[in-house]
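The structure appears below as C-alpha cells.
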Amino acid sequence: MIRRGLTVLACALLAATPALAGDRASLQNRCWSAAALSGTPEEKKITKGIKTFDAPPPATALEPSTPVPVPVAWRGAVRRVKLQPGKKLIALTFDMCELPGEVTGYDTPLVDYLRANGIKATFFASGKWMRSHAKRTQQLMADPLFEIGNHAEAHRNLRLLSGQALTDEIEGPQRAYELQRAQQRSHQCVADDPAFDTIPPRMSLFRFPFGACNQAALDAVNDAGLLAIQWDVSTGDPVPAQSAAAIANAMLQAKPGAIVIGHGNGRGFHTAEALAIAIPQLKAKGFDFVTVSELLAQGTPEISATCYDRRPGDTDRYDTFFKPSPPNVDVKLDKKHAEKPNEPAVPAR
Ligand SMILES: [Zn+2]
C-alpha cells in the first residue's frame with residue numbers, strides 16, 4: 001500500500017518535471033518578451049497599507065482537482081533528501097510571503113540571475129502573493145526552470161489556527177494557483193500548445209509560514225495531498241544585516257540533497273548578490289540545481305516529526321507575537337523582533 005502510494009506520488013512529482021521542458025520554454029518566449037520577463041528593480045519594494053488583495057476569492061469559484069495522497073512514510077516535515085553516493089544535487093527555494101495589509105515585492109535581479117544561468121528553483125508563494133503578482137506568477141509557472149509551491153494564503157501561523165481558518169490557509173493558494181493557470185491558458189499566445197499541459201494543475205508542496213507547525217497543521221497539510229517542505233540550510237536572508245557574503249557562506253555549507261531556504265519577495269535583502277557568489281563555487285564543486293520535486297524524485301526524503309529552523313522548537317517563538325487572527329484582519333508584524341540583527345536567522349517571514 002505504501003509502495004503503491006510512493007509510486008503514485010513519484011509519478012505526480014515527475015509530472016512536475018516536464019518531458020517537454022524545451023517546449024515550455026518556447027511557450028514562455030511566445031507569451032513574454034525578454035523585457036517583460038526581467039521587469040524593474042523597483043518591483044522588489046514592499047508596500048504597507050494596501051488591503052486590495054486581502055480578501056480571497058470565493059471558495060466556490062473553482063473546482064480543485066483531486067489531491068494525490070501523501071504516502072504514510074512521507075508524512076511529517078521534509079528536511080532534506082538522501083541521495084545515492086555521487087549525486088550532488090541541491091534544491092534552492094525562495095519564499096514569496098505576503099501578509100494581510102501589505103504587498104510584498106518580486107526580486108527581479110534574483111529571478112534574472114537564475115534564468116541567465118539556467119539555475120532551477122522552487123518558489124513557495126502565498127495565495128495572496130499570487131493574486132497581487134498575477135503576471136509574475138504566470139511567468140514563474142510557465143518557466144521550465146521553476147516550480148511553484150504553496151506557502152499558505154496570507155502567511156498566518158498555522159500552529160495557531162484550527163477548523164475552517166486552517167483549511168482556508170491551506171486551500172487558498174491552490175485556488176489562486178488555478179486561477180492564474182486558467183488565465184494563462186486563455187492567453188492567445190498559449191492557443192492549444194500541449195506544452196501548457198506540462199504546467200502541473202495542482203501544487204504538491206507546502207511550506208509553513210515562519211517554518212512553524214504542530215501535529216494538527218502537519219496532518220491537515222498532508223491530508224490535503226501536500227508534502228511539507230522545510231529545509232536544512234537556512235540562509236538568514238530576511239535579516240537586513242545578513243550580508244551577501246554571509247548568505248553565500250550559508251549556501252556553501254550545503255551537502256548533496258540539501259534544501260536551501262531564501263526569499264524572493266523583497267525580504268531577501270542581499271540574496272541575489274549572494275547567489276552570484278555562491279552558485280559558481282557550488283558549480284565548481286560539481287553541484288547541480290534542481291527543483292524540490294526533482295530532488296525528491298532522485299532519493300528518499302529525510303523526515304522530521306516537527307517543523308523547525310535549526311533545532312526543534314526554535315520556531316515556536318512565533319506563537320508569542322503572531323496572534324491568531326480571523327481572515328481579512330490585519331496581522332501586526334513585530335518589526336523590532338523580526339528585524340533584530342543579532343537574532344538567529346528569521347525563517348520564512
Ligand atoms: Zn514566508
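Chain labels run A, B, ... following the order of the C-alpha cells; each chain numbers its residues from 1, and ligands are numbered from 1 in the order shown.
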Interface rows for chain A against ligand 1: nearest pair, Å to one decimal, 12 Å, only C-alpha atoms and all ligand atoms, as a tab-separated table:
residue	atom	partner	partner_atom_place_in_ligand_line	distance
A:Thr93	CA	ligand 1	1 (Zn)	11.1
A:Phe94	CA	ligand 1	1 (Zn)	8.9
A:Asp95	CA	ligand 1	1 (Zn)	5.4
A:Met96	CA	ligand 1	1 (Zn)	6.2
A:Cys97	CA	ligand 1	1 (Zn)	4.1
A:Glu98	CA	ligand 1	1 (Zn)	7.3
A:Leu99	CA	ligand 1	1 (Zn)	8.9
A:Thr104	CA	ligand 1	1 (Zn)	10.9
A:Phe123	CA	ligand 1	1 (Zn)	10.6
A:Phe124	CA	ligand 1	1 (Zn)	7.9
A:Ala125	CA	ligand 1	1 (Zn)	8.0
A:Ser126	CA	ligand 1	1 (Zn)	7.7
A:Gly127	CA	ligand 1	1 (Zn)	11.4
A:Lys128	CA	ligand 1	1 (Zn)	11.6
A:Trp129	CA	ligand 1	1 (Zn)	10.6
A:Gly149	CA	ligand 1	1 (Zn)	11.6
A:Asn150	CA	ligand 1	1 (Zn)	10.3
A:His151	CA	ligand 1	1 (Zn)	6.6
A:Ala152	CA	ligand 1	1 (Zn)	8.5
A:Glu153	CA	ligand 1	1 (Zn)	10.5
A:Ala154	CA	ligand 1	1 (Zn)	9.3
A:His155	CA	ligand 1	1 (Zn)	6.2
A:Arg156	CA	ligand 1	1 (Zn)	9.1
A:Asn157	CA	ligand 1	1 (Zn)	9.8
A:Leu158	CA	ligand 1	1 (Zn)	11.8
A:Phe206	CA	ligand 1	1 (Zn)	11.0
A:Arg207	CA	ligand 1	1 (Zn)	7.8
A:Phe208	CA	ligand 1	1 (Zn)	7.3
A:Pro209	CA	ligand 1	1 (Zn)	4.6
A:Phe210	CA	ligand 1	1 (Zn)	5.8
A:Gly211	CA	ligand 1	1 (Zn)	7.7
A:Ala212	CA	ligand 1	1 (Zn)	10.1
A:Gln230	CA	ligand 1	1 (Zn)	11.3
A:Asp237	CA	ligand 1	1 (Zn)	11.7
A:Pro238	CA	ligand 1	1 (Zn)	9.8
A:Ile261	CA	ligand 1	1 (Zn)	9.9
A:Gly262	CA	ligand 1	1 (Zn)	9.4
A:His263	CA	ligand 1	1 (Zn)	7.8
A:Gly264	CA	ligand 1	1 (Zn)	9.9
A:Asn265	CA	ligand 1	1 (Zn)	9.2
A:Gly266	CA	ligand 1	1 (Zn)	11.4
A:Arg267	CA	ligand 1	1 (Zn)	9.4
A:Gly268	CA	ligand 1	1 (Zn)	10.9
A:Val346	CA	ligand 1	1 (Zn)	9.7
A:Pro347	CA	ligand 1	1 (Zn)	7.2
A:Ala348	CA	ligand 1	1 (Zn)	3.5
A:Arg349	CA	ligand 1	1 (Zn)	4.2
Using N, CA and C atoms, can you export the residues from the last selection as a short mmCIF file (atom, residue, chain, number, x, y, z; two decimals), in the first residue's frame?
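Result saved to again31.cif:
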data_model
loop_
_atom_site.label_atom_id
_atom_site.label_comp_id
_atom_site.auth_asym_id
_atom_site.auth_seq_id
_atom_site.Cartn_x
_atom_site.Cartn_y
_atom_site.Cartn_z
N THR A 93 15.26 27.10 -2.65
CA THR A 93 13.85 27.50 -2.51
C THR A 93 13.79 28.96 -2.07
N PHE A 94 12.79 29.64 -2.60
CA PHE A 94 12.61 31.06 -2.28
C PHE A 94 11.15 31.29 -1.90
N ASP A 95 10.94 31.84 -0.72
CA ASP A 95 9.58 32.07 -0.25
C ASP A 95 9.07 33.43 -0.71
N MET A 96 7.82 33.45 -1.14
CA MET A 96 7.15 34.66 -1.59
C MET A 96 6.01 34.92 -0.60
N CYS A 97 6.40 35.38 0.58
CA CYS A 97 5.45 35.59 1.68
C CYS A 97 4.69 36.90 1.46
N GLU A 98 3.45 36.94 1.91
CA GLU A 98 2.71 38.21 1.90
C GLU A 98 1.62 38.17 2.96
N LEU A 99 1.71 39.10 3.90
CA LEU A 99 0.76 39.17 5.00
C LEU A 99 -0.38 40.11 4.66
N THR A 104 4.03 42.57 -0.94
CA THR A 104 5.48 42.39 -0.94
C THR A 104 6.02 42.47 -2.37
N PHE A 123 9.69 28.12 -5.92
CA PHE A 123 9.16 29.31 -5.27
C PHE A 123 7.92 28.92 -4.46
N PHE A 124 7.98 29.17 -3.15
CA PHE A 124 6.82 28.92 -2.31
C PHE A 124 6.05 30.23 -2.15
N ALA A 125 4.86 30.29 -2.76
CA ALA A 125 4.13 31.55 -2.83
C ALA A 125 2.86 31.52 -2.00
N SER A 126 2.64 32.60 -1.24
CA SER A 126 1.35 32.78 -0.57
C SER A 126 0.28 32.95 -1.66
N GLY A 127 -0.95 32.48 -1.37
CA GLY A 127 -2.04 32.70 -2.31
C GLY A 127 -2.22 34.19 -2.56
N LYS A 128 -2.07 34.95 -1.50
CA LYS A 128 -2.22 36.40 -1.61
C LYS A 128 -1.14 36.98 -2.53
N TRP A 129 0.08 36.49 -2.44
CA TRP A 129 1.15 36.96 -3.33
C TRP A 129 0.81 36.63 -4.78
N GLY A 149 5.30 26.24 -5.20
CA GLY A 149 4.71 25.52 -4.08
C GLY A 149 3.81 26.44 -3.27
N ASN A 150 3.04 25.83 -2.39
CA ASN A 150 2.01 26.51 -1.59
C ASN A 150 2.66 27.07 -0.30
N HIS A 151 2.49 28.38 -0.06
CA HIS A 151 3.05 28.99 1.16
C HIS A 151 1.95 29.64 1.99
N ALA A 152 0.79 28.97 2.03
CA ALA A 152 -0.39 29.40 2.79
C ALA A 152 -1.01 30.66 2.16
N GLU A 153 -2.23 30.94 2.54
CA GLU A 153 -2.97 32.02 1.89
C GLU A 153 -2.43 33.41 2.26
N ALA A 154 -2.36 33.71 3.54
CA ALA A 154 -1.94 35.04 3.98
C ALA A 154 -0.87 34.95 5.06
N HIS A 155 -0.07 33.87 4.99
CA HIS A 155 1.11 33.75 5.84
C HIS A 155 0.78 33.79 7.32
N ARG A 156 -0.30 33.14 7.70
CA ARG A 156 -0.62 33.07 9.13
C ARG A 156 0.15 31.90 9.75
N ASN A 157 0.31 31.99 11.07
CA ASN A 157 0.99 30.93 11.81
C ASN A 157 0.01 29.77 11.99
N LEU A 158 0.24 28.69 11.27
CA LEU A 158 -0.74 27.59 11.26
C LEU A 158 -0.80 26.84 12.59
N PHE A 206 4.23 22.12 0.13
CA PHE A 206 3.75 23.17 1.04
C PHE A 206 4.90 23.60 1.94
N ARG A 207 4.97 24.90 2.18
CA ARG A 207 5.93 25.40 3.18
C ARG A 207 5.18 26.18 4.23
N PHE A 208 5.41 25.83 5.48
CA PHE A 208 4.73 26.51 6.59
C PHE A 208 5.28 27.93 6.78
N PRO A 209 4.40 28.93 6.86
CA PRO A 209 4.85 30.28 7.24
C PRO A 209 5.63 30.22 8.57
N PHE A 210 6.70 30.98 8.64
CA PHE A 210 7.57 31.02 9.82
C PHE A 210 8.23 29.67 10.12
N GLY A 211 8.05 28.71 9.23
CA GLY A 211 8.59 27.37 9.49
C GLY A 211 7.96 26.73 10.71
N ALA A 212 6.73 27.15 11.04
CA ALA A 212 6.09 26.72 12.29
C ALA A 212 4.89 25.83 12.02
N GLN A 230 10.43 21.64 4.61
CA GLN A 230 11.23 22.56 5.43
C GLN A 230 12.58 22.76 4.73
N ASP A 237 18.48 35.18 5.14
CA ASP A 237 18.41 36.37 4.28
C ASP A 237 17.32 37.39 4.63
N PRO A 238 16.30 37.08 5.45
CA PRO A 238 15.35 38.15 5.79
C PRO A 238 15.84 39.07 6.91
N ILE A 261 16.77 27.50 2.07
CA ILE A 261 15.69 28.49 2.12
C ILE A 261 16.24 29.91 1.98
N GLY A 262 15.60 30.66 1.06
CA GLY A 262 15.85 32.09 0.92
C GLY A 262 14.52 32.78 0.61
N HIS A 263 14.57 34.03 0.26
CA HIS A 263 13.35 34.78 -0.03
C HIS A 263 13.47 35.51 -1.38
N GLY A 264 12.36 35.52 -2.13
CA GLY A 264 12.35 36.16 -3.45
C GLY A 264 11.31 37.26 -3.54
N ASN A 265 10.84 37.72 -2.38
CA ASN A 265 9.73 38.69 -2.35
C ASN A 265 10.17 40.07 -1.85
N GLY A 266 11.46 40.33 -1.88
CA GLY A 266 11.97 41.60 -1.39
C GLY A 266 12.47 41.52 0.03
N ARG A 267 12.18 40.42 0.72
CA ARG A 267 12.67 40.26 2.10
C ARG A 267 13.96 39.46 2.14
N GLY A 268 14.46 39.10 0.98
CA GLY A 268 15.82 38.59 0.91
C GLY A 268 16.67 39.80 0.53
N VAL A 346 15.76 34.62 10.83
CA VAL A 346 14.30 34.51 10.87
C VAL A 346 13.86 33.75 9.63
N PRO A 347 13.31 32.59 9.77
CA PRO A 347 12.95 31.82 8.59
C PRO A 347 11.61 32.26 8.04
N ALA A 348 11.46 32.23 6.77
CA ALA A 348 10.16 32.27 6.11
C ALA A 348 9.24 33.31 6.67
N ARG A 349 9.70 34.56 6.76
CA ARG A 349 8.82 35.58 7.29
C ARG A 349 7.65 35.83 6.38
#
TODO: From a DSSP pass on the backbone, collect the residues of stretch 244-338 of chain A flagged as strand (DSSP E) and hand them back as a list in words.
DONE: Ala258, Ile259, Val260, Ile261, Gly262, His263, Asp288, Phe289, Val290, Gly299, Thr300, Pro301, Glu302, Ile303 and Ser304 of chain A
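Nearest to A:Leu83 of all the residues A:Gly286, A:Pro69, A:Gly313, A:Gly257 is A:Gly257, counting only C-alpha atoms.
Between atom CA of A:Ala224 and atom CA of A:Pro173 the separation is 12.1 Å.
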Task: Point-to-point distance from atom CA of A:Arg75 to atom CA of A:Val290, Å rounded to tenths - done: 22.0 Å
Open item on the list: Which residues are near stretch 241-253 of chain A? Cut-off 10 Å, only C-alpha atoms, ignore same chain within fewer than 6 positions. Put them as a VMD selection string.
Closed with: chain A and resid 90 92 232 to 235 259 to 262 268 to 279 281 to 282 285 339 to 342 345
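Going from atom CA of A:Ala254 to atom CA of A:Pro144 covers 23.8 Å.
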